[in-house]
file structure-v4.txt (compact mmCIF, C-alpha atoms (C1' of nucleotides))
# COMPACT_ATOMS: atom_id res chain seq x y z
CA MET A 1 -0.14 -10.96 28.23
CA GLU A 2 -3.07 -13.01 27.04
CA LEU A 3 -5.30 -11.81 24.23
CA THR A 4 -9.02 -12.00 24.81
CA PRO A 5 -11.21 -13.12 21.88
CA LEU A 6 -12.13 -9.51 21.10
CA THR A 7 -8.58 -8.21 21.09
CA GLU A 8 -7.33 -11.23 19.20
CA ARG A 9 -9.77 -10.55 16.42
CA PHE A 10 -8.59 -6.97 16.19
CA VAL A 11 -4.94 -7.97 16.17
CA LEU A 12 -5.40 -10.67 13.56
CA HIS A 13 -7.36 -8.33 11.34
CA PHE A 14 -4.54 -5.80 11.39
CA GLY A 15 -2.20 -8.58 10.48
CA GLU A 16 -4.30 -9.55 7.49
CA MET A 17 -4.75 -5.97 6.33
CA GLY A 18 -1.10 -5.21 6.78
CA SER A 19 -0.14 -6.28 3.31
CA ARG A 20 -2.76 -4.01 1.76
CA TRP A 21 -1.50 -1.15 3.86
CA GLY A 22 2.10 -1.71 2.92
CA ILE A 23 3.36 -3.21 6.15
CA ASN A 24 3.77 -6.88 6.81
CA ARG A 25 1.60 -9.18 8.84
CA THR A 26 3.68 -9.18 11.98
CA VAL A 27 4.18 -5.43 12.01
CA GLY A 28 0.44 -4.96 11.56
CA GLN A 29 -0.24 -7.18 14.56
CA MET A 30 2.35 -5.42 16.66
CA TYR A 31 0.75 -2.08 15.97
CA ALA A 32 -2.73 -3.37 16.73
CA LEU A 33 -1.50 -4.78 20.01
CA LEU A 34 0.10 -1.51 21.03
CA PHE A 35 -2.95 0.42 19.95
CA ILE A 36 -5.32 -1.43 22.25
CA SER A 37 -2.91 -1.97 25.08
CA PRO A 38 -3.78 0.07 28.18
CA GLN A 39 -0.13 0.34 29.06
CA PRO A 40 3.22 0.36 27.25
CA LEU A 41 4.67 -3.04 26.43
CA ASN A 42 8.22 -4.25 26.21
CA ALA A 43 9.59 -6.28 23.36
CA ASP A 44 9.40 -9.57 25.22
CA GLU A 45 5.78 -9.07 26.08
CA ILE A 46 5.01 -8.31 22.44
CA ALA A 47 6.96 -11.32 21.20
CA GLU A 48 5.34 -13.59 23.72
CA THR A 49 1.80 -12.36 23.19
CA LEU A 50 1.95 -12.57 19.42
CA GLY A 51 4.22 -15.58 19.17
CA PHE A 52 6.98 -14.02 17.09
CA SER A 53 10.68 -14.19 17.55
CA ARG A 54 12.31 -11.54 19.66
CA SER A 55 14.36 -10.32 16.70
CA ASN A 56 11.29 -9.92 14.57
CA VAL A 57 9.79 -7.67 17.21
CA SER A 58 12.95 -5.61 17.26
CA MET A 59 12.78 -5.02 13.53
CA GLY A 60 9.04 -4.51 13.55
CA MET A 61 9.24 -1.85 16.23
CA LYS A 62 11.94 -0.10 14.29
CA GLU A 63 9.61 0.03 11.33
CA LEU A 64 6.68 1.25 13.41
CA MET A 65 8.89 3.95 14.87
CA SER A 66 9.92 5.02 11.39
CA TRP A 67 6.21 5.50 10.71
CA ARG A 68 5.93 7.35 14.02
CA LEU A 69 3.26 4.86 15.02
CA ALA A 70 5.17 3.69 18.06
CA ARG A 71 7.40 5.44 20.52
CA LEU A 72 9.94 4.33 22.96
CA LEU A 73 9.84 4.93 26.66
CA HIS A 74 11.55 3.77 29.77
CA ARG A 75 10.21 2.90 33.17
CA PRO A 76 12.16 3.82 36.25
CA GLY A 77 14.04 0.87 37.66
CA ASP A 78 13.52 -1.24 34.55
CA ARG A 79 16.12 -1.22 31.86
CA ARG A 80 14.01 -2.75 29.18
CA GLU A 81 12.54 -0.54 26.48
CA TYR A 82 8.81 -0.07 26.44
CA PHE A 83 6.72 0.86 23.45
CA GLU A 84 3.46 2.66 23.15
CA ALA A 85 1.27 3.82 20.31
CA PRO A 86 0.25 7.47 20.20
CA LYS A 87 -3.09 7.86 21.92
CA ASP A 88 -4.71 10.72 20.09
CA ILE A 89 -6.51 9.38 17.08
CA TRP A 90 -6.25 12.68 15.21
CA GLU A 91 -2.55 12.75 15.72
CA ILE A 92 -2.33 9.23 14.32
CA PHE A 93 -4.37 10.24 11.33
CA ARG A 94 -2.15 13.21 10.61
CA THR A 95 1.06 11.28 11.13
CA LEU A 96 -0.07 8.55 8.83
CA ALA A 97 -1.05 11.01 6.15
CA GLU A 98 2.29 12.77 6.44
CA GLU A 99 4.30 9.58 6.26
CA LYS A 100 2.29 8.23 3.36
CA ARG A 101 2.78 11.48 1.55
CA LYS A 102 6.51 11.41 2.12
CA ARG A 103 6.88 7.83 0.95
CA GLU A 104 4.20 7.40 -1.66
CA ILE A 105 3.74 10.84 -3.16
CA GLU A 106 6.81 13.02 -2.80
CA PRO A 107 9.07 10.78 -4.89
CA THR A 108 6.58 10.92 -7.74
CA LEU A 109 6.12 14.65 -7.42
CA SER A 110 9.84 15.05 -7.63
CA MET A 111 10.14 12.80 -10.68
CA LEU A 112 7.37 14.77 -12.36
CA ARG A 113 9.02 18.09 -11.58
CA ASP A 114 12.22 16.89 -13.21
CA ALA A 115 10.41 15.49 -16.22
CA LEU A 116 8.58 18.77 -16.76
CA LEU A 117 11.85 20.64 -17.03
CA GLU A 118 12.91 18.61 -20.06
CA VAL A 119 12.34 19.93 -23.54
CA PRO A 120 10.21 17.40 -25.38
CA GLN A 121 11.99 15.97 -28.42
CA THR A 122 9.11 14.32 -30.22
CA ASP A 123 5.36 14.51 -30.54
CA ALA A 124 5.06 11.53 -28.24
CA GLU A 125 7.18 13.26 -25.61
CA HIS A 126 5.20 16.42 -25.99
CA HIS A 127 1.99 14.55 -25.37
CA ALA A 128 3.44 12.57 -22.49
CA GLN A 129 4.67 15.74 -20.89
CA GLY A 130 1.19 17.22 -21.12
CA ARG A 131 -0.21 14.25 -19.23
CA MET A 132 2.52 14.53 -16.64
CA ARG A 133 1.71 18.18 -16.21
CA GLU A 134 -1.92 17.37 -15.45
CA MET A 135 -0.86 14.76 -12.95
CA HIS A 136 1.63 17.08 -11.35
CA GLU A 137 -0.89 19.90 -11.01
CA LEU A 138 -3.44 17.73 -9.29
CA ILE A 139 -1.00 16.18 -6.86
CA GLU A 140 0.55 19.54 -6.13
CA MET A 141 -2.81 21.09 -5.42
CA ALA A 142 -3.86 18.22 -3.20
CA THR A 143 -0.68 18.30 -1.18
CA VAL A 144 -0.73 22.07 -0.73
CA TRP A 145 -4.32 21.72 0.41
CA PHE A 146 -3.35 18.99 2.80
CA ASP A 147 -0.51 21.08 4.18
CA GLU A 148 -2.82 23.90 4.99
CA VAL A 149 -5.70 21.93 6.35
CA GLN A 150 -3.35 19.96 8.50
CA ARG A 151 -2.54 23.08 10.44
CA LEU A 152 -6.10 23.41 11.63
CA SER A 153 -6.88 22.12 15.07
CA PRO A 154 -8.61 18.76 15.27
CA GLU A 155 -11.73 20.55 16.50
CA THR A 156 -11.96 22.79 13.47
CA LEU A 157 -11.12 19.91 11.19
CA GLU A 158 -13.87 17.92 12.76
CA SER A 159 -16.41 20.72 12.31
CA LEU A 160 -15.31 21.08 8.72
CA MET A 161 -15.66 17.37 8.10
CA ARG A 162 -19.06 17.25 9.67
CA LEU A 163 -20.07 20.09 7.40
CA GLY A 164 -19.15 17.89 4.45
CA ALA A 165 -20.54 18.92 1.10
CA LYS A 166 -22.65 21.57 2.78
CA VAL A 167 -19.52 23.71 2.94
CA GLN A 168 -20.23 24.47 -0.68
CA LYS A 169 -23.67 25.85 0.13
CA VAL A 170 -22.45 27.80 3.10
CA LEU A 171 -19.77 29.40 0.98
CA GLY A 172 -22.34 30.27 -1.64
CA PHE A 173 -20.66 28.27 -4.34
CA THR A 174 -22.98 27.12 -7.05
CA ASP A 175 -22.60 23.52 -7.95
CA LYS A 176 -24.67 20.68 -9.21
CA LEU A 177 -24.19 17.66 -7.05
CA ARG A 178 -23.18 14.57 -8.93
CA GLY A 179 -25.54 11.63 -8.96
CA LYS A 180 -24.43 8.35 -7.45
CA ASP A 181 -22.23 7.48 -10.46
CA MET B 1 6.11 1.17 -29.68
CA GLU B 2 9.42 2.61 -28.58
CA LEU B 3 9.77 4.52 -25.33
CA THR B 4 11.59 7.82 -25.45
CA PRO B 5 13.94 8.67 -22.56
CA LEU B 6 11.29 10.87 -20.96
CA THR B 7 8.52 8.31 -21.12
CA GLU B 8 10.82 5.52 -20.07
CA ARG B 9 11.72 7.39 -16.93
CA PHE B 10 8.06 7.87 -16.10
CA VAL B 11 7.23 4.22 -16.74
CA LEU B 12 10.15 2.91 -14.70
CA HIS B 13 9.27 5.20 -11.82
CA PHE B 14 5.75 3.85 -11.70
CA GLY B 15 7.22 0.38 -11.68
CA GLU B 16 9.41 1.19 -8.71
CA MET B 17 6.62 2.91 -6.81
CA GLY B 18 4.17 0.15 -7.57
CA SER B 19 5.09 -1.88 -4.54
CA ARG B 20 4.53 1.07 -2.21
CA TRP B 21 1.18 1.67 -3.82
CA GLY B 22 0.08 -1.94 -3.49
CA ILE B 23 0.43 -3.01 -7.08
CA ASN B 24 3.41 -4.81 -8.51
CA ARG B 25 6.18 -3.51 -10.69
CA THR B 26 4.85 -4.69 -14.00
CA VAL B 27 1.30 -3.51 -13.33
CA GLY B 28 2.68 -0.12 -12.33
CA GLN B 29 4.57 0.13 -15.59
CA MET B 30 1.56 -0.94 -17.60
CA TYR B 31 -0.53 1.77 -16.05
CA ALA B 32 2.10 4.43 -16.64
CA LEU B 33 2.37 3.40 -20.26
CA LEU B 34 -1.37 3.62 -20.78
CA PHE B 35 -1.52 6.91 -18.95
CA ILE B 36 0.90 8.66 -21.26
CA SER B 37 -0.08 6.89 -24.44
CA PRO B 38 -1.86 9.18 -26.89
CA GLN B 39 -3.90 6.27 -28.16
CA PRO B 40 -5.23 2.97 -26.82
CA LEU B 41 -2.84 0.04 -26.89
CA ASN B 42 -3.40 -3.65 -27.37
CA ALA B 43 -1.89 -6.32 -25.20
CA ASP B 44 0.85 -7.20 -27.65
CA GLU B 45 1.99 -3.62 -27.92
CA ILE B 46 2.13 -3.36 -24.15
CA ALA B 47 4.02 -6.63 -23.81
CA GLU B 48 6.45 -5.70 -26.52
CA THR B 49 7.08 -2.16 -25.31
CA LEU B 50 7.67 -3.16 -21.71
CA GLY B 51 9.30 -6.51 -22.38
CA PHE B 52 6.89 -8.65 -20.36
CA SER B 53 5.24 -11.88 -21.31
CA ARG B 54 1.91 -11.71 -23.01
CA SER B 55 0.28 -13.59 -20.16
CA ASN B 56 1.60 -11.16 -17.61
CA VAL B 57 -0.01 -8.33 -19.54
CA SER B 58 -3.27 -10.22 -19.54
CA MET B 59 -3.21 -10.56 -15.75
CA GLY B 60 -1.96 -7.05 -15.24
CA MET B 61 -4.71 -5.53 -17.30
CA LYS B 62 -7.26 -7.53 -15.40
CA GLU B 63 -5.92 -6.04 -12.22
CA LEU B 64 -5.89 -2.51 -13.62
CA MET B 65 -9.46 -2.97 -14.76
CA SER B 66 -10.45 -4.14 -11.31
CA TRP B 67 -9.07 -0.83 -10.07
CA ARG B 68 -10.98 0.91 -12.86
CA LEU B 69 -7.67 2.39 -14.00
CA ALA B 70 -7.92 0.84 -17.44
CA ARG B 71 -10.80 0.17 -19.74
CA LEU B 72 -11.32 -2.05 -22.68
CA LEU B 73 -12.27 -0.91 -26.13
CA HIS B 74 -12.44 -2.30 -29.61
CA ARG B 75 -11.48 -0.83 -32.93
CA PRO B 76 -13.61 -1.50 -35.97
CA GLY B 77 -12.09 -4.17 -38.19
CA ASP B 78 -9.59 -5.26 -35.54
CA ARG B 79 -10.49 -8.06 -33.25
CA ARG B 80 -7.82 -7.43 -30.67
CA GLU B 81 -8.71 -5.72 -27.43
CA TYR B 82 -7.38 -2.26 -26.81
CA PHE B 83 -6.84 -0.65 -23.46
CA GLU B 84 -6.85 2.94 -22.39
CA ALA B 85 -6.51 4.77 -19.11
CA PRO B 86 -9.23 7.23 -18.12
CA LYS B 87 -8.22 10.67 -19.31
CA ASP B 88 -9.76 12.94 -16.72
CA ILE B 89 -7.36 13.34 -13.88
CA TRP B 90 -10.12 14.17 -11.42
CA GLU B 91 -11.98 11.03 -12.34
CA ILE B 92 -8.81 9.03 -11.74
CA PHE B 93 -8.38 10.65 -8.36
CA ARG B 94 -11.91 9.84 -7.35
CA THR B 95 -11.76 6.31 -8.64
CA LEU B 96 -8.55 5.62 -6.80
CA ALA B 97 -9.92 6.99 -3.59
CA GLU B 98 -13.06 4.89 -3.94
CA GLU B 99 -11.17 1.70 -4.67
CA LYS B 100 -8.69 2.27 -1.87
CA ARG B 101 -11.53 2.88 0.47
CA LYS B 102 -13.26 -0.29 -0.58
CA ARG B 103 -10.14 -2.42 -0.23
CA GLU B 104 -8.19 -0.80 2.57
CA ILE B 105 -10.80 0.78 4.78
CA GLU B 106 -14.19 -0.89 4.49
CA PRO B 107 -13.00 -4.28 5.77
CA THR B 108 -11.61 -2.63 8.88
CA LEU B 109 -14.72 -0.55 9.39
CA SER B 110 -16.78 -3.68 9.20
CA MET B 111 -14.55 -5.53 11.66
CA LEU B 112 -14.79 -2.59 14.05
CA ARG B 113 -18.57 -2.44 13.78
CA ASP B 114 -18.79 -6.09 14.70
CA ALA B 115 -16.35 -5.74 17.56
CA LEU B 116 -18.29 -2.83 18.99
CA LEU B 117 -21.42 -4.94 19.22
CA GLU B 118 -19.77 -7.37 21.60
CA VAL B 119 -20.25 -7.05 25.32
CA PRO B 120 -16.80 -6.65 26.86
CA GLN B 121 -16.00 -9.42 29.32
CA THR B 122 -12.99 -8.00 31.08
CA ASP B 123 -11.36 -4.70 31.90
CA ALA B 124 -8.92 -5.25 29.08
CA GLU B 125 -11.74 -5.82 26.63
CA HIS B 126 -13.53 -2.77 27.89
CA HIS B 127 -10.48 -0.65 27.31
CA ALA B 128 -9.78 -2.18 23.92
CA GLN B 129 -13.32 -1.56 22.84
CA GLY B 130 -12.97 2.08 23.81
CA ARG B 131 -9.95 2.42 21.56
CA MET B 132 -11.78 0.67 18.76
CA ARG B 133 -14.67 3.05 19.18
CA GLU B 134 -12.37 6.04 18.74
CA MET B 135 -10.88 4.50 15.65
CA HIS B 136 -14.28 3.65 14.28
CA GLU B 137 -15.61 7.15 14.83
CA LEU B 138 -12.75 8.81 13.04
CA ILE B 139 -12.84 6.50 10.05
CA GLU B 140 -16.59 6.74 9.85
CA MET B 141 -16.47 10.51 9.90
CA ALA B 142 -13.75 10.66 7.28
CA THR B 143 -15.56 8.31 4.94
CA VAL B 144 -18.90 10.09 5.29
CA TRP B 145 -17.08 13.33 4.56
CA PHE B 146 -15.45 11.80 1.55
CA ASP B 147 -18.78 10.50 0.27
CA GLU B 148 -20.27 13.92 0.40
CA VAL B 149 -17.38 15.87 -0.97
CA GLN B 150 -17.01 13.40 -3.76
CA ARG B 151 -20.35 14.44 -5.11
CA LEU B 152 -19.15 17.96 -5.74
CA SER B 153 -18.09 18.79 -9.25
CA PRO B 154 -14.36 18.89 -9.93
CA GLU B 155 -14.63 22.66 -10.34
CA THR B 156 -16.12 23.20 -6.90
CA LEU B 157 -13.70 20.74 -5.41
CA GLU B 158 -10.86 22.62 -6.97
CA SER B 159 -12.09 25.97 -5.63
CA LEU B 160 -12.46 24.40 -2.23
CA MET B 161 -8.98 22.99 -2.34
CA ARG B 162 -7.47 26.24 -3.45
CA LEU B 163 -9.20 27.86 -0.53
CA GLY B 164 -7.34 25.47 1.75
CA ALA B 165 -7.17 26.45 5.38
CA LYS B 166 -8.72 29.82 4.58
CA VAL B 167 -12.05 28.04 4.48
CA GLN B 168 -11.93 28.24 8.25
CA LYS B 169 -11.66 32.03 8.16
CA VAL B 170 -14.30 32.42 5.51
CA LEU B 171 -16.67 30.33 7.55
CA GLY B 172 -15.92 32.43 10.60
CA PHE B 173 -14.60 29.55 12.62
CA THR B 174 -12.15 30.53 15.28
CA ASP B 175 -9.08 28.43 15.34
CA LYS B 176 -5.49 28.76 16.25
CA LEU B 177 -3.30 27.45 13.49
CA ARG B 178 -0.84 24.85 14.57
CA GLY B 179 2.82 25.64 14.37
CA LYS B 180 5.03 23.64 12.06
CA ASP B 181 5.44 21.00 14.76
C1' DT C 1 36.31 -3.68 35.55
C1' DT C 2 33.28 -7.84 34.75
C1' DA C 3 28.95 -10.15 34.34
C1' DT C 4 24.75 -10.11 32.39
C1' DA C 5 20.26 -8.38 30.79
C1' DG C 6 18.67 -6.33 26.88
C1' DT C 7 18.89 -5.14 22.02
C1' DT C 8 20.29 -5.35 17.23
C1' DT C 9 22.31 -7.35 13.22
C1' DC C 10 22.64 -10.54 9.76
C1' DA C 11 23.05 -14.81 7.18
C1' DA C 12 20.22 -18.67 6.40
C1' DT C 13 15.81 -20.32 5.27
C1' DA C 14 10.83 -20.14 5.00
C1' DA C 15 6.96 -18.11 2.92
C1' DT C 16 4.93 -15.42 -0.42
C1' DT C 17 4.47 -13.09 -4.62
C1' DT C 18 5.52 -12.38 -9.34
C1' DC C 19 6.24 -13.86 -13.88
C1' DT C 20 6.49 -17.07 -17.63
C1' DG C 21 5.43 -20.47 -21.26
C1' DA C 22 2.56 -23.97 -22.61
C1' DA C 23 -1.97 -25.54 -22.88
C1' DA C 24 -6.74 -24.49 -22.85
C1' DT C 25 -10.34 -21.59 -24.04
C1' DT C 26 -12.87 -18.13 -26.55
C1' DA C 27 -14.38 -15.43 -30.43
C1' DC C 28 -14.62 -14.48 -34.86
C1' DA C 29 -14.03 -14.98 -40.14
C1' DC C 30 -14.78 -17.95 -43.62
C1' DG D 1 -19.52 -26.11 -38.84
C1' DT D 2 -13.69 -25.43 -39.26
C1' DG D 3 -9.56 -22.88 -38.78
C1' DT D 4 -7.10 -19.40 -36.74
C1' DA D 5 -6.15 -15.24 -34.12
C1' DA D 6 -6.61 -13.55 -29.58
C1' DT D 7 -7.00 -14.21 -24.81
C1' DT D 8 -6.91 -16.58 -20.43
C1' DT D 9 -5.53 -19.99 -17.20
C1' DC D 10 -2.41 -22.22 -14.46
C1' DA D 11 1.50 -24.98 -12.77
C1' DG D 12 6.05 -24.28 -12.00
C1' DA D 13 10.30 -21.28 -11.94
C1' DA D 14 12.25 -17.08 -10.46
C1' DA D 15 12.40 -13.29 -7.59
C1' DT D 16 11.31 -11.02 -3.59
C1' DT D 17 10.06 -10.46 1.12
C1' DA D 18 9.49 -12.08 5.84
C1' DT D 19 11.12 -14.50 9.78
C1' DT D 20 14.24 -16.77 12.65
C1' DG D 21 18.20 -18.01 15.66
C1' DA D 22 22.72 -17.26 16.70
C1' DA D 23 26.22 -14.05 17.27
C1' DA D 24 27.55 -9.37 18.06
C1' DC D 25 26.85 -5.45 20.34
C1' DT D 26 25.42 -2.10 24.18
C1' DA D 27 24.37 -0.48 28.57
C1' DT D 28 24.03 -1.01 33.26
C1' DA D 29 24.58 -3.03 37.95
C1' DA D 30 27.60 -4.98 40.97
call {"tool": "encode", "arguments": {"input": "structure-v4.txt", "output": "structure tokens"}}
result
Amino acid sequence: MELTPLTERFVLHFGEMGSRWGINRTVGQMYALLFISPQPLNADEIAETLGFSRSNVSMGMKELMSWRLARLLHRPGDRREYFEAPKDIWEIFRTLAEEKRKREIEPTLSMLRDALLEVPQTDAEHHAQGRMREMHELIEMATVWFDEVQRLSPETLESLMRLGAKVQKVLGFTDKLRGKD
Amino acid sequence: MELTPLTERFVLHFGEMGSRWGINRTVGQMYALLFISPQPLNADEIAETLGFSRSNVSMGMKELMSWRLARLLHRPGDRREYFEAPKDIWEIFRTLAEEKRKREIEPTLSMLRDALLEVPQTDAEHHAQGRMREMHELIEMATVWFDEVQRLSPETLESLMRLGAKVQKVLGFTDKLRGKD
DNA sequence: TTATAGTTTCAATAATTTCTGAAATTACAC
DNA sequence: GTGTAATTTCAGAAATTATTGAAACTATAA
């Protein structure tokens, strides 16, 4: 498969951004390629298009599958494995949020929970525990919120998002909006 | 400054998680230390407590300041620079979200905007552009939403969060809740 | 079975990132 | 100004992470 200028730009960008997003360059490119591909691709096509080794593609796809950003499928009469990226952009959004939460938030939440069970031995520990409690409460609240909101249908979520800050008015909350900084 | 077992655990955890969060181990530890410290610390104290080189602390603090997760202050009669982490947990949350958006989302949004201006030359490009449009729309919507909601006071935001999915009921939206997968 | 296409593993190495110590710079007190 | 404490810079060393190619493994067709 040949990349057109437009698709190449997209793929290269995902490669560059990969490191900021916590995946590596080649995995970022592989995902971008799957995302824009009109049909599932097999590992050789991916390796050939992007110019990576076959083994790198194998490992990269494993990683993408662990993020649930790629799935495996087979075509009748072809024993190679094909990969595709989930189509529904809302599903991708949710999946990504779930995986990030599992990897980047849960471990910390769990560490905080443990730390809060300890009996502080010094003033310093007492203070530190207070800070940890604040952190724990915020993260806990945000994740519970996320859990609940995630169960809404994409349509409702979209309406809610489009409502934005106006939700506050509609609900009759009183609030002073913050200035731009 | 000596770390107690409780604070050491917290600091080491932030070091470990650092790489998943896009900062490195030592910067993660530095932030954790500042976060739980009851008073501002100078660079030597940080270096000594965590066992890093003085120059590493200098670079680390620069990075934390670029994330607005640390700020500089001076004490009368002491010419060293002291650092502290913002106290308000909501402010931290907002700051982090803003910085992540700037670094991890804006560049992609901008690439997508450019790509969507191009006239597709082939079927493949046409399809790819369609996918990019979906991605762009979702990100755009989410960031506009975030902009607006961010202007709410922490109190309102907290009420809203505690409302969770019930917001949908209160607003009279009809929606079927999604099962747990 | 066996042959072989397809996939994965893994040790070696390439590339990148992190961290340090020494030198340079800056800021302040005298 | 000069001297010194504090900070930053930066080149190289150390550590980590990414990538490859060859070998091992697996599944299927003949």
call {"tool": "closest_residue", "arguments": {"input": "structure-v4.txt", "among": "A:Ala115, A:Val149, A:Leu64, A:Leu73", "to": "Gly22 (chain A)", "atoms": "only C-alpha atoms"}}
result
A:Leu64
call {"tool": "atom_distance", "arguments": {"input": "structure-v4.txt", "atom1": "C1' of DT9 (chain C)", "atom2": "CA of Ser66 (chain A)"}}
result
17.6 Å
call {"tool": "closest_atom_pairs", "arguments": {"input": "structure-v4.txt", "of": "chain B", "to": "chain C", "cutoff": "8 Å", "atoms": "only C-alpha atoms (C1' of nucleotides)", "output": "Markdown table"}}
result
| residue | atom | partner | partner_atom | distance |
| --- | --- | --- | --- | --- |
| B:Asn24 | CA | C:DT18 | C1' | 7.9 |
| B:Ser53 | CA | C:DT20 | C1' | 6.5 |
| B:Ser55 | CA | C:DT20 | C1' | 7.6 |
| B:Asn56 | CA | C:DC19 | C1' | 6.5 |
| B:Arg79 | CA | C:DC28 | C1' | 7.8 |
call {"tool": "write_last_selection", "arguments": {"input": "structure-v4.txt", "atoms": "C-alpha atoms", "output": "short mmCIF file (atom, residue, chain, number, x, y, z; two decimals), in the frame of the given file"}}
result
data_model
loop_
_atom_site.label_atom_id
_atom_site.label_comp_id
_atom_site.auth_asym_id
_atom_site.auth_seq_id
_atom_site.Cartn_x
_atom_site.Cartn_y
_atom_site.Cartn_z
CA ASN B 24 3.41 -4.81 -8.51
CA SER B 53 5.24 -11.88 -21.31
CA SER B 55 0.28 -13.59 -20.16
CA ASN B 56 1.60 -11.16 -17.61
CA ARG B 79 -10.49 -8.06 -33.25
#
call {"tool": "closest_atom_pairs", "arguments": {"input": "structure-v4.txt", "of": "chain A", "to": "chain B", "cutoff": "6 Å", "atoms": "only C-alpha atoms", "output": "JSON lines"}}
result
{"residue": "A:Ile36", "atom": "CA", "partner": "B:Ala128", "partner_atom": "CA", "distance": 4.8}
{"residue": "A:Ala128", "atom": "CA", "partner": "B:Ile36", "partner_atom": "CA", "distance": 4.8}
{"residue": "A:Trp145", "atom": "CA", "partner": "B:Gly164", "partner_atom": "CA", "distance": 5.0}
{"residue": "A:Glu148", "atom": "CA", "partner": "B:Ala165", "partner_atom": "CA", "distance": 5.1}
{"residue": "A:Val149", "atom": "CA", "partner": "B:Ala165", "partner_atom": "CA", "distance": 4.9}
{"residue": "A:Arg151", "atom": "CA", "partner": "B:Arg178", "partner_atom": "CA", "distance": 4.8}
{"residue": "A:Leu152", "atom": "CA", "partner": "B:Leu177", "partner_atom": "CA", "distance": 5.3}
{"residue": "A:Met161", "atom": "CA", "partner": "B:Trp145", "partner_atom": "CA", "distance": 5.6}
{"residue": "A:Gly164", "atom": "CA", "partner": "B:Trp145", "partner_atom": "CA", "distance": 5.0}
{"residue": "A:Ala165", "atom": "CA", "partner": "B:Val149", "partner_atom": "CA", "distance": 4.9}
{"residue": "A:Leu177", "atom": "CA", "partner": "B:Leu152", "partner_atom": "CA", "distance": 5.2}
{"residue": "A:Arg178", "atom": "CA", "partner": "B:Arg151", "partner_atom": "CA", "distance": 4.8}
call {"tool": "closest_residue", "arguments": {"input": "structure-v4.txt", "among": "B:Lys62, B:Thr49, B:Glu8, B:Pro40", "to": "chain D", "atoms": "only C-alpha atoms (C1' of nucleotides)"}}
result
B:Lys62
call {"tool": "interface_residues", "arguments": {"input": "structure-v4.txt", "of": "chain B", "to": "chain D", "cutoff": "12 Å", "atoms": "only C-alpha atoms (C1' of nucleotides)", "output": "PyMOL selection string"}}
result
chain B and resi 19+24-25+42-44+54-62+78-82
call {"tool": "atom_distance", "arguments": {"input": "structure-v4.txt", "atom1": "CA of Phe83 (chain B)", "atom2": "CA of Gly15 (chain B)"}}
result
18.4 Å
call {"tool": "atom_distance", "arguments": {"input": "structure-v4.txt", "atom1": "CA of Pro86 (chain A)", "atom2": "CA of Phe52 (chain A)"}}
result
22.7 Å
call {"tool": "axis_aligned_box", "arguments": {"input": "structure-v4.txt", "around": "region 11-16 of chain C", "padding_each_side": "5 Å", "output": "JSON"}}
result
{"center_x": 14.0, "center_y": -17.6, "center_z": 3.4, "size_x": 28.1, "size_y": 15.5, "size_z": 17.6}
call {"tool": "build_atoms", "arguments": {"input": "structure-v4.txt", "residues": "region 13-23 of chain A", "atoms": "N, CA and C atoms", "output": "PDB file, keeping the file's coordinate frame"}}
result
ATOM      1  N   HIS A  13      -6.890  -9.130  12.487  1.00  0.00           N
ATOM      2  CA  HIS A  13      -7.360  -8.330  11.340  1.00  0.00           C
ATOM      3  C   HIS A  13      -6.268  -7.376  10.856  1.00  0.00           C
ATOM      4  N   PHE A  14      -5.625  -6.716  11.785  1.00  0.00           N
ATOM      5  CA  PHE A  14      -4.540  -5.800  11.390  1.00  0.00           C
ATOM      6  C   PHE A  14      -3.405  -6.548  10.715  1.00  0.00           C
ATOM      7  N   GLY A  15      -3.205  -7.765  11.139  1.00  0.00           N
ATOM      8  CA  GLY A  15      -2.200  -8.580  10.480  1.00  0.00           C
ATOM      9  C   GLY A  15      -2.588  -8.839   9.030  1.00  0.00           C
ATOM     10  N   GLU A  16      -3.834  -9.260   8.851  1.00  0.00           N
ATOM     11  CA  GLU A  16      -4.300  -9.550   7.490  1.00  0.00           C
ATOM     12  C   GLU A  16      -4.236  -8.306   6.602  1.00  0.00           C
ATOM     13  N   MET A  17      -4.680  -7.195   7.141  1.00  0.00           N
ATOM     14  CA  MET A  17      -4.750  -5.970   6.330  1.00  0.00           C
ATOM     15  C   MET A  17      -3.369  -5.396   6.056  1.00  0.00           C
ATOM     16  N   GLY A  18      -2.444  -5.761   6.910  1.00  0.00           N
ATOM     17  CA  GLY A  18      -1.100  -5.210   6.780  1.00  0.00           C
ATOM     18  C   GLY A  18      -0.587  -5.144   5.356  1.00  0.00           C
ATOM     19  N   SER A  19      -0.717  -6.258   4.655  1.00  0.00           N
ATOM     20  CA  SER A  19      -0.140  -6.280   3.310  1.00  0.00           C
ATOM     21  C   SER A  19      -0.809  -5.250   2.404  1.00  0.00           C
ATOM     22  N   ARG A  20      -2.089  -5.034   2.582  1.00  0.00           N
ATOM     23  CA  ARG A  20      -2.760  -4.010   1.760  1.00  0.00           C
ATOM     24  C   ARG A  20      -2.295  -2.614   2.137  1.00  0.00           C
ATOM     25  N   TRP A  21      -1.921  -2.482   3.386  1.00  0.00           N
ATOM     26  CA  TRP A  21      -1.500  -1.150   3.860  1.00  0.00           C
ATOM     27  C   TRP A  21      -0.008  -0.915   3.679  1.00  0.00           C
ATOM     28  N   GLY A  22       0.682  -1.913   3.185  1.00  0.00           N
ATOM     29  CA  GLY A  22       2.100  -1.710   2.920  1.00  0.00           C
ATOM     30  C   GLY A  22       3.015  -2.003   4.103  1.00  0.00           C
ATOM     31  N   ILE A  23       2.496  -2.726   5.078  1.00  0.00           N
ATOM     32  CA  ILE A  23       3.360  -3.210   6.150  1.00  0.00           C
ATOM     33  C   ILE A  23       3.150  -4.716   6.202  1.00  0.00           C
TER      34      ILE A  23
END
